[in-house]
Structure formats: C-alpha cells, structure tokens
Amino acid sequence: MSSPAPDVLDKRALRRQLRRQRRALSPRQQKRASHRLAAHLAALPELRRARRLSLYLSVQGEIDPLALLPWLRRRRVAVYLPVLRPFTDNRLWFVRFDADTPMVKNRFGIPEPHPRFGARARNRLPAWALDTLIVPLVGFDKNANRMGMGGGFYDRTLAFMRRPYGPKPALIGVAHELQKVDCLPLEPWDVPLSAVATDEAIYRARA
Ligand SMILES: Nc1nc2c(c(=O)[nH]1)N(C=O)[C@@H](CNc1ccc(C(=O)N[C@@H](CCC(=O)O)C(=O)O)cc1)CN2
Ligand SMILES: Nc1ncnc2c1ncn2[C@@H]1O[C@H](COP(=O)(O)OP(=O)(O)OP(=O)(O)O)[C@@H](O)[C@H]1O
C-alpha cells in the first residue's frame with residue numbers, strides 16, 4: 001500500500017471541514033437558505049425549460065432543494081430522486097418522486113424510493129434522459145468546479161457527458177454560500193457543471 005498523495009489528504013480535510021460547517025447551521029438558517037435557493041433556481045433557464053428534473057433529499061446540513069417542489073408541481077415537472085443502482089458499483093439512476101412514492105433509507109441513511117418501486121422500468125430514468133439535474137455539493141469554487149461526498153457517484157453516473165454526441169442534461173450544483181472555496185483541484189474525471197446556485201448567488205462556469 002502506498003500512502004495517499006498530499007493533495008488527496010488536503011481534499012479529504014477540506015471535505016470534512018465543509019461538511020462540519022454546513023452541519024453547524026441552525027434549523028432557522030437552513031430554512032431561510034432553502035427558500036433563497038429556490039428563488040435563485042426558479043430564475044434559471046435550465047429550470048424553466050425542464051420537463052424532467054432530479055432533486056435530492058438533504059442530509060447532514062446539505063442545503064434543502066425541496067422549497068422548489070411546489071413551483072415544480074405547479075409547472076407539472078416530473079421530479080426524480082437519485083437512487084444507488086443495485087448490482088453496479090457507485091452509480092445512480094433516477095426514480096420518480098411523487099406524494100405516494102414508497103420510501104426507505106439507503107445504506108448511507110438517505111431516504112430513497114423503495115427498490116421494488118424503482119425496479120419497474122416506467123418509474124425510473126437514466127441520467128441522460130433528464131433535462132436538468134440538481135446536484136448536491138460539498139464544496140465549489142467561483143468557476144463552478146465541484147466537490148461531492150467523495151464516492152464518485154455523480155462523476156461515474158455522468159461520465160457520458162464527455163462524449164461528443166448524444167443528450168446532455170443541464171447540471172446545476174447547489175450548496176450553501178459557506179461551501180464556496182477559492183479554488184478546487186480539477187480531477188480528470190470531474191464533469192463540469194453548467195452553474196452553481198446558493199442561497200446568495202449564481203456562479204456560471206466560464207465558457
Ligand atoms: N442527499 C444526498 N443524496 C445523495 C447524494 C448526496 O451527496 N446527497 N449522493 C451523492 O453522491 C449519492 C449518495 N452518495 C453518498 C456518498 C457518501 C456518503 C457518506 O456519507 N459517506 C460516509 C462514509 C461511507 C460509509 O458510510 O460507508 C462519509 O463520508 O462519512 C453518503 C452519500 C446519492 N444520493
Ligand atoms: N467515471 C469514473 N469512472 C471510474 N471511477 C471514477 C469515475 N469518476 C470518479 N471516479 C472515482 O471516484 C472517486 C471519488 O471521486 P471524487 O473524489 O472526485 O468524488 P466527488 O466528486 O466528491 O464525488 P461525487 O461524484 O460522488 O460527488 C475517485 O477515487 C475516482 O477515482
């Protein structure tokens with residue numbers, strides 16, 4: 001076993017620090033951030049044109065995108081949640097999320113649609129079939145570079161985005177403003193986001 005390179009250790013420490021900072025927010029701060037985020041998201045063209053969109057259910061201080069749900073329901077947008085794909089390592093697919101979707105906790109303690117519900121092909125979509133994905137972030141920088149939980153779930157699931165042809169959903173990262181850092185190291189497998197939205201601002205990737 002070789003020991004991890006210093007930049008890997010830096011990234012791990014940064015991830016831990018950012019996760020601690022977001023967990024420290026009060027319920028009142030969380031609620032306010034969620035509503036401000038929803039207002040920013042609803043102004044984005046990537047959301048206004050979406051017919052099929054994925055959200056996530058927030059855990060451990062993540063900014064909560066669900067304040068946007070009434071707006072999405074009014075517009076008849078089909079809402080999906082990320083689900084850990086069975087029999088495949090660290091990949092996601094996306095399962096319909098409606099008022100009557102049966103939910104269970106996955107191995108990380110995050111609620112997701114029941115595997116039996118997701119097993120029905122008509123209840124789920126691969127990432128490429130969505131118009132827009134709302135991607136949870138642990139950290140980001142002003143150029144909309146992202147850092148996630150470290151499992152590589154979204155990076156693996158979105159690897160198709162690098163192909164020169166085929167469908168390309170819009171990727172909108174979301175986070176609390178306090179998760180912004182100066183500059184994130186770019187990894188070869190990182191898939192660029194279209195934009196990052198926070199409780200305070202929108203950050204666009206540079207063309
Ligand atoms: N709310 C939410 N849902 C999501 C994600 C997310 O980041 N947030 N994901 C985005 O990828 C996927 C799940 N990925 C995750 C990756 C790591 C951990 C996690 O807490 N890992 C533990 C240690 C691992 C373990 O318990 O075995 C840790 O880091 O402390 C959680 C979710 C799909 N659903
Ligand atoms: N397309 C891919 N194919 C295979 N492995 C990958 C791919 N993308 C990422 N990985 C692996 O996933 C691991 C986690 O990557 P990284 O530290 O960038 O996570 P992250 O971007 O924070 O995670 P996430 O995508 O879950 O938000 C890395 O060790 C990397 O080797």
# chains A, B, ... in the order shown; residues from 1 in each chain; ligands from 1
call {"tool": "closest_atom_pairs", "arguments": {"of": "chain A", "to": "ligand 2", "cutoff": "7 Å", "atoms": "only C-alpha atoms and all ligand atoms", "output": "tab-separated table"}}
result
residue	atom	partner	partner_atom_place_in_ligand_line	distance
A:Leu137	CA	ligand 2	27 (O)	6.7
A:Arg146	CA	ligand 2	21 (O)	6.6
A:Met147	CA	ligand 2	22 (O)	4.3
A:Gly148	CA	ligand 2	22 (O)	3.0
A:Met149	CA	ligand 2	22 (O)	4.5
A:Gly150	CA	ligand 2	22 (O)	3.5
A:Gly151	CA	ligand 2	26 (O)	4.1
A:Gly152	CA	ligand 2	25 (O)	3.4
A:Phe153	CA	ligand 2	26 (O)	3.7
A:Tyr154	CA	ligand 2	25 (O)	3.7
A:Asp155	CA	ligand 2	25 (O)	4.1
A:Arg156	CA	ligand 2	1 (N)	3.8
A:Ala159	CA	ligand 2	1 (N)	5.0
A:Glu187	CA	ligand 2	18 (O)	6.3
A:Trp189	CA	ligand 2	8 (N)	4.8
A:Asp190	CA	ligand 2	18 (O)	6.2
call {"tool": "residues_around", "arguments": {"residues": "Asp141 in chain A", "least_positions_apart": "3", "cutoff": "6 Å", "atoms": "only C-alpha atoms", "output": "list in words"}}
result
Ala144, Asn145, Lys180, Val181, Asp182 and Cys183 of chain A
call {"tool": "write_last_selection", "arguments": {"atoms": "N, CA and C atoms", "output": "PDB file, in the first residue's frame"}}
result
ATOM      1  N   ALA A 144     -17.519  27.266 -10.825  1.00  0.00           N
ATOM      2  CA  ALA A 144     -18.476  26.153 -10.790  1.00  0.00           C
ATOM      3  C   ALA A 144     -17.792  24.782 -10.873  1.00  0.00           C
ATOM      4  N   ASN A 145     -16.561  24.694 -10.421  1.00  0.00           N
ATOM      5  CA  ASN A 145     -15.956  23.370 -10.194  1.00  0.00           C
ATOM      6  C   ASN A 145     -16.559  22.791  -8.931  1.00  0.00           C
ATOM      7  N   LYS A 180     -18.350  27.692  -0.463  1.00  0.00           N
ATOM      8  CA  LYS A 180     -17.507  28.209  -1.542  1.00  0.00           C
ATOM      9  C   LYS A 180     -16.054  28.280  -1.078  1.00  0.00           C
ATOM     10  N   VAL A 181     -15.161  27.772  -1.898  1.00  0.00           N
ATOM     11  CA  VAL A 181     -13.729  27.858  -1.598  1.00  0.00           C
ATOM     12  C   VAL A 181     -13.022  28.584  -2.747  1.00  0.00           C
ATOM     13  N   ASP A 182     -11.785  29.021  -2.507  1.00  0.00           N
ATOM     14  CA  ASP A 182     -11.041  29.797  -3.502  1.00  0.00           C
ATOM     15  C   ASP A 182     -10.892  29.069  -4.825  1.00  0.00           C
ATOM     16  N   CYS A 183     -10.383  27.869  -4.748  1.00  0.00           N
ATOM     17  CA  CYS A 183     -10.027  27.158  -5.956  1.00  0.00           C
ATOM     18  C   CYS A 183      -9.988  25.671  -5.642  1.00  0.00           C
TER      19      CYS A 183
END
call {"tool": "residues_around", "arguments": {"residues": "range 89-102 of chain A", "least_positions_apart": "5", "cutoff": "10 Å", "atoms": "only C-alpha atoms", "output": "PyMOL selection string"}}
result
chain A and resi 52-56+73+78-84+111-130+133+151-158
call {"tool": "select_by_dssp", "arguments": {"residues": "range 91-140 of chain A", "states": "alpha helix (DSSP H)", "output": "list in words"}}
result
Pro115, Arg116, Phe117 and Gly118 of chain A
call {"tool": "write_last_selection", "arguments": {"atoms": "N, CA and C atoms", "output": "PDB file, in the first residue's frame"}}
result
ATOM      1  N   PRO A 115     -36.686   0.040  -3.463  1.00  0.00           N
ATOM      2  CA  PRO A 115     -36.127  -0.707  -4.596  1.00  0.00           C
ATOM      3  C   PRO A 115     -37.192  -1.379  -5.482  1.00  0.00           C
ATOM      4  N   ARG A 116     -38.268  -1.876  -4.870  1.00  0.00           N
ATOM      5  CA  ARG A 116     -39.314  -2.535  -5.684  1.00  0.00           C
ATOM      6  C   ARG A 116     -40.017  -1.536  -6.605  1.00  0.00           C
ATOM      7  N   PHE A 117     -40.148  -0.286  -6.123  1.00  0.00           N
ATOM      8  CA  PHE A 117     -40.759   0.772  -6.938  1.00  0.00           C
ATOM      9  C   PHE A 117     -39.819   1.140  -8.094  1.00  0.00           C
ATOM     10  N   GLY A 118     -38.527   1.290  -7.761  1.00  0.00           N
ATOM     11  CA  GLY A 118     -37.530   1.650  -8.777  1.00  0.00           C
ATOM     12  C   GLY A 118     -37.263   0.519  -9.764  1.00  0.00           C
TER      13      GLY A 118
END
call {"tool": "closest_residue", "arguments": {"among": "A:Arg51, A:His40, A:Arg15, A:Lys31", "to": "ligand 1", "atoms": "only C-alpha atoms and all ligand atoms"}}
result
A:Arg15
call {"tool": "select_by_dssp", "arguments": {"residues": "range 32-188 of chain A", "states": "strand (DSSP E or B)", "output": "ChimeraX atom specification"}}
result
/A:52-54,78-84,92-96,103-105,111-113,124-125,132-136,139-140,146-147,170-174,180
call {"tool": "closest_residue", "arguments": {"among": "A:Gln60, A:Gln21, A:Thr88, A:Thr198", "to": "Arg36 in chain A", "atoms": "only C-alpha atoms"}}
result
A:Thr198
call {"tool": "closest_residue", "arguments": {"among": "A:Leu66, A:Ile110, A:Leu72, A:Ala39", "to": "ligand 1", "atoms": "only C-alpha atoms and all ligand atoms"}}
result
A:Ile110
call {"tool": "residues_around", "arguments": {"residues": "Arg206 in chain A", "least_positions_apart": "6", "cutoff": "10 Å", "atoms": "only C-alpha atoms", "output": "mmCIF file with N, CA and C atoms, in the first residue's frame"}}
result
data_model
loop_
_atom_site.group_PDB
_atom_site.id
_atom_site.type_symbol
_atom_site.label_atom_id
_atom_site.label_comp_id
_atom_site.auth_asym_id
_atom_site.auth_seq_id
_atom_site.Cartn_x
_atom_site.Cartn_y
_atom_site.Cartn_z
ATOM 1 N N LYS A 142 -15.642 29.561 -7.676
ATOM 2 C CA LYS A 142 -16.371 30.566 -8.467
ATOM 3 C C LYS A 142 -16.495 30.174 -9.931
ATOM 4 N N ASN A 143 -15.700 29.215 -10.399
ATOM 5 C CA ASN A 143 -15.829 28.727 -11.775
ATOM 6 C C ASN A 143 -16.757 27.526 -11.880
ATOM 7 N N ALA A 144 -17.519 27.266 -10.825
ATOM 8 C CA ALA A 144 -18.476 26.153 -10.790
ATOM 9 C C ALA A 144 -17.792 24.782 -10.873
ATOM 10 N N SER A 194 -23.048 23.214 -15.268
ATOM 11 C CA SER A 194 -23.460 24.412 -16.008
ATOM 12 C C SER A 194 -23.374 25.631 -15.097
ATOM 13 N N ALA A 195 -23.766 25.445 -13.832
ATOM 14 C CA ALA A 195 -23.788 26.557 -12.887
ATOM 15 C C ALA A 195 -23.893 26.011 -11.470
#
call {"tool": "residues_around", "arguments": {"residues": "Ala13 in chain A", "least_positions_apart": "6", "cutoff": "12 Å", "atoms": "only C-alpha atoms", "output": "PyMOL selection string"}}
result
chain A and resi 6-7+19-20+138-139+150
call {"tool": "write_last_selection", "arguments": {"atoms": "N, CA and C atoms", "output": "PDB file, in the first residue's frame"}}
result
ATOM      1  N   PRO A   6      -0.239  14.092  -0.966  1.00  0.00           N
ATOM      2  CA  PRO A   6      -0.653  15.214  -0.106  1.00  0.00           C
ATOM      3  C   PRO A   6      -1.954  15.896  -0.571  1.00  0.00           C
ATOM      4  N   ASP A   7      -2.161  16.017  -1.907  1.00  0.00           N
ATOM      5  CA  ASP A   7      -3.369  16.715  -2.369  1.00  0.00           C
ATOM      6  C   ASP A   7      -4.632  15.911  -2.047  1.00  0.00           C
ATOM      7  N   ARG A  19     -18.149  19.886   5.473  1.00  0.00           N
ATOM      8  CA  ARG A  19     -19.308  19.136   5.980  1.00  0.00           C
ATOM      9  C   ARG A  19     -19.629  19.544   7.405  1.00  0.00           C
ATOM     10  N   ARG A  20     -18.577  19.816   8.190  1.00  0.00           N
ATOM     11  CA  ARG A  20     -18.795  20.257   9.573  1.00  0.00           C
ATOM     12  C   ARG A  20     -19.473  21.622   9.590  1.00  0.00           C
ATOM     13  N   VAL A 138     -20.499  19.330  -1.799  1.00  0.00           N
ATOM     14  CA  VAL A 138     -19.832  19.570  -0.513  1.00  0.00           C
ATOM     15  C   VAL A 138     -19.040  20.869  -0.606  1.00  0.00           C
ATOM     16  N   GLY A 139     -18.437  21.108  -1.775  1.00  0.00           N
ATOM     17  CA  GLY A 139     -17.697  22.350  -1.995  1.00  0.00           C
ATOM     18  C   GLY A 139     -17.770  22.748  -3.464  1.00  0.00           C
ATOM     19  N   GLY A 150     -17.433  12.301  -2.238  1.00  0.00           N
ATOM     20  CA  GLY A 150     -16.207  11.533  -2.387  1.00  0.00           C
ATOM     21  C   GLY A 150     -16.420  10.120  -2.881  1.00  0.00           C
TER      22      GLY A 150
END
call {"tool": "closest_residue", "arguments": {"among": "A:Gly166, A:Val174, A:Leu41, A:Ala67", "to": "ligand 1", "atoms": "only C-alpha atoms and all ligand atoms"}}
result
A:Val174
call {"tool": "closest_residue", "arguments": {"among": "A:Met103, A:Leu186, A:Leu68, A:Leu171", "to": "Ala43 in chain A", "atoms": "only C-alpha atoms"}}
result
A:Leu68
call {"tool": "atom_distance", "arguments": {"atom1": "CA of Pro70 in chain A", "atom2": "CA of Arg204 in chain A"}}
result
25.4 Å
call {"tool": "atom_distance", "arguments": {"atom1": "CA of Thr132 in chain A", "atom2": "CA of Ala50 in chain A"}}
result
6.1 Å
call {"tool": "atom_distance", "arguments": {"atom1": "CA of Arg74 in chain A", "atom2": "CA of Ala170 in chain A"}}
result
20.9 Å
call {"tool": "closest_residue", "arguments": {"among": "A:Glu46, A:Asp10, A:Glu200, A:Glu62", "to": "ligand 1", "atoms": "only C-alpha atoms and all ligand atoms"}}
result
A:Glu62
call {"tool": "decode", "arguments": {"residues": "range 138-184 of chain A", "atoms": "N, CA and C atoms", "output": "short mmCIF file (atom, residue, chain, number, x, y, z; two decimals), in the first residue's frame"}}
result
data_model
loop_
_atom_site.label_atom_id
_atom_site.label_comp_id
_atom_site.auth_asym_id
_atom_site.auth_seq_id
_atom_site.Cartn_x
_atom_site.Cartn_y
_atom_site.Cartn_z
N VAL A 138 -20.50 19.33 -1.80
CA VAL A 138 -19.83 19.57 -0.51
C VAL A 138 -19.04 20.87 -0.61
N GLY A 139 -18.44 21.11 -1.78
CA GLY A 139 -17.70 22.35 -1.99
C GLY A 139 -17.77 22.75 -3.46
N PHE A 140 -17.48 24.02 -3.75
CA PHE A 140 -17.44 24.52 -5.13
C PHE A 140 -16.57 25.75 -5.15
N ASP A 141 -16.15 26.17 -6.38
CA ASP A 141 -15.44 27.45 -6.48
C ASP A 141 -16.16 28.35 -7.48
N LYS A 142 -15.64 29.56 -7.68
CA LYS A 142 -16.37 30.57 -8.47
C LYS A 142 -16.50 30.17 -9.93
N ASN A 143 -15.70 29.22 -10.40
CA ASN A 143 -15.83 28.73 -11.77
C ASN A 143 -16.76 27.53 -11.88
N ALA A 144 -17.52 27.27 -10.82
CA ALA A 144 -18.48 26.15 -10.79
C ALA A 144 -17.79 24.78 -10.87
N ASN A 145 -16.56 24.69 -10.42
CA ASN A 145 -15.96 23.37 -10.19
C ASN A 145 -16.56 22.79 -8.93
N ARG A 146 -16.70 21.45 -8.89
CA ARG A 146 -17.42 20.85 -7.78
C ARG A 146 -16.61 19.81 -7.01
N MET A 147 -17.02 19.65 -5.75
CA MET A 147 -16.53 18.54 -4.94
C MET A 147 -17.75 17.92 -4.27
N GLY A 148 -17.87 16.59 -4.34
CA GLY A 148 -19.01 15.90 -3.75
C GLY A 148 -18.62 15.14 -2.49
N MET A 149 -19.43 14.15 -2.15
CA MET A 149 -19.21 13.36 -0.93
C MET A 149 -17.95 12.49 -1.03
N GLY A 150 -17.43 12.30 -2.24
CA GLY A 150 -16.21 11.53 -2.39
C GLY A 150 -16.42 10.12 -2.88
N GLY A 151 -17.68 9.75 -3.10
CA GLY A 151 -17.96 8.40 -3.59
C GLY A 151 -17.83 8.27 -5.10
N GLY A 152 -17.72 9.40 -5.79
CA GLY A 152 -17.66 9.38 -7.24
C GLY A 152 -18.98 9.00 -7.89
N PHE A 153 -20.09 9.08 -7.14
CA PHE A 153 -21.40 8.64 -7.66
C PHE A 153 -21.82 9.46 -8.88
N TYR A 154 -21.81 10.79 -8.71
CA TYR A 154 -22.25 11.63 -9.82
C TYR A 154 -21.23 11.60 -10.96
N ASP A 155 -19.94 11.60 -10.63
CA ASP A 155 -18.92 11.57 -11.69
C ASP A 155 -19.06 10.31 -12.55
N ARG A 156 -19.26 9.16 -11.93
CA ARG A 156 -19.43 7.91 -12.70
C ARG A 156 -20.72 7.94 -13.51
N THR A 157 -21.79 8.40 -12.85
CA THR A 157 -23.11 8.41 -13.49
C THR A 157 -23.14 9.38 -14.68
N LEU A 158 -22.30 10.42 -14.61
CA LEU A 158 -22.33 11.47 -15.64
C LEU A 158 -21.17 11.37 -16.63
N ALA A 159 -20.46 10.24 -16.58
CA ALA A 159 -19.29 10.09 -17.47
C ALA A 159 -19.68 10.24 -18.95
N PHE A 160 -20.94 9.91 -19.29
CA PHE A 160 -21.40 10.02 -20.69
C PHE A 160 -21.36 11.46 -21.20
N MET A 161 -21.32 12.44 -20.28
CA MET A 161 -21.32 13.85 -20.68
C MET A 161 -20.07 14.22 -21.49
N ARG A 162 -19.03 13.43 -21.36
CA ARG A 162 -17.78 13.72 -22.07
C ARG A 162 -17.82 13.32 -23.54
N ARG A 163 -18.80 12.49 -23.91
CA ARG A 163 -18.91 12.08 -25.32
C ARG A 163 -19.27 13.28 -26.18
N PRO A 164 -18.78 13.30 -27.43
CA PRO A 164 -19.03 14.48 -28.28
C PRO A 164 -20.46 14.55 -28.81
N TYR A 165 -21.23 13.47 -28.70
CA TYR A 165 -22.59 13.46 -29.25
C TYR A 165 -23.56 12.93 -28.19
N GLY A 166 -24.86 13.02 -28.48
CA GLY A 166 -25.85 12.46 -27.56
C GLY A 166 -26.41 13.52 -26.63
N PRO A 167 -27.44 13.13 -25.85
CA PRO A 167 -28.11 14.10 -24.98
C PRO A 167 -27.20 14.60 -23.86
N LYS A 168 -27.35 15.87 -23.52
CA LYS A 168 -26.55 16.47 -22.45
C LYS A 168 -27.47 17.24 -21.50
N PRO A 169 -27.89 16.61 -20.40
CA PRO A 169 -28.71 17.36 -19.44
C PRO A 169 -27.93 18.52 -18.83
N ALA A 170 -28.66 19.54 -18.37
CA ALA A 170 -28.02 20.65 -17.66
C ALA A 170 -27.73 20.19 -16.23
N LEU A 171 -26.54 20.53 -15.72
CA LEU A 171 -26.15 20.14 -14.37
C LEU A 171 -26.05 21.40 -13.51
N ILE A 172 -26.92 21.49 -12.50
CA ILE A 172 -26.90 22.66 -11.63
C ILE A 172 -26.50 22.20 -10.22
N GLY A 173 -25.30 22.58 -9.81
CA GLY A 173 -24.85 22.26 -8.45
C GLY A 173 -25.52 23.19 -7.45
N VAL A 174 -25.81 22.68 -6.25
CA VAL A 174 -26.36 23.56 -5.21
C VAL A 174 -25.63 23.34 -3.89
N ALA A 175 -25.49 24.44 -3.14
CA ALA A 175 -24.76 24.39 -1.88
C ALA A 175 -25.07 25.66 -1.09
N HIS A 176 -24.70 25.66 0.17
CA HIS A 176 -24.72 26.89 0.95
C HIS A 176 -23.56 27.77 0.50
N GLU A 177 -23.75 29.09 0.56
CA GLU A 177 -22.68 30.01 0.20
C GLU A 177 -21.39 29.70 0.99
N LEU A 178 -21.52 29.26 2.25
CA LEU A 178 -20.32 28.99 3.07
C LEU A 178 -19.51 27.79 2.57
N GLN A 179 -20.02 27.08 1.56
CA GLN A 179 -19.27 25.96 1.00
C GLN A 179 -18.39 26.38 -0.19
N LYS A 180 -18.35 27.69 -0.46
CA LYS A 180 -17.51 28.21 -1.54
C LYS A 180 -16.05 28.28 -1.08
N VAL A 181 -15.16 27.77 -1.90
CA VAL A 181 -13.73 27.86 -1.60
C VAL A 181 -13.02 28.58 -2.75
N ASP A 182 -11.79 29.02 -2.51
CA ASP A 182 -11.04 29.80 -3.50
C ASP A 182 -10.89 29.07 -4.83
N CYS A 183 -10.38 27.87 -4.75
CA CYS A 183 -10.03 27.16 -5.96
C CYS A 183 -9.99 25.67 -5.64
N LEU A 184 -10.70 24.87 -6.42
CA LEU A 184 -10.69 23.42 -6.20
C LEU A 184 -9.77 22.76 -7.22
#
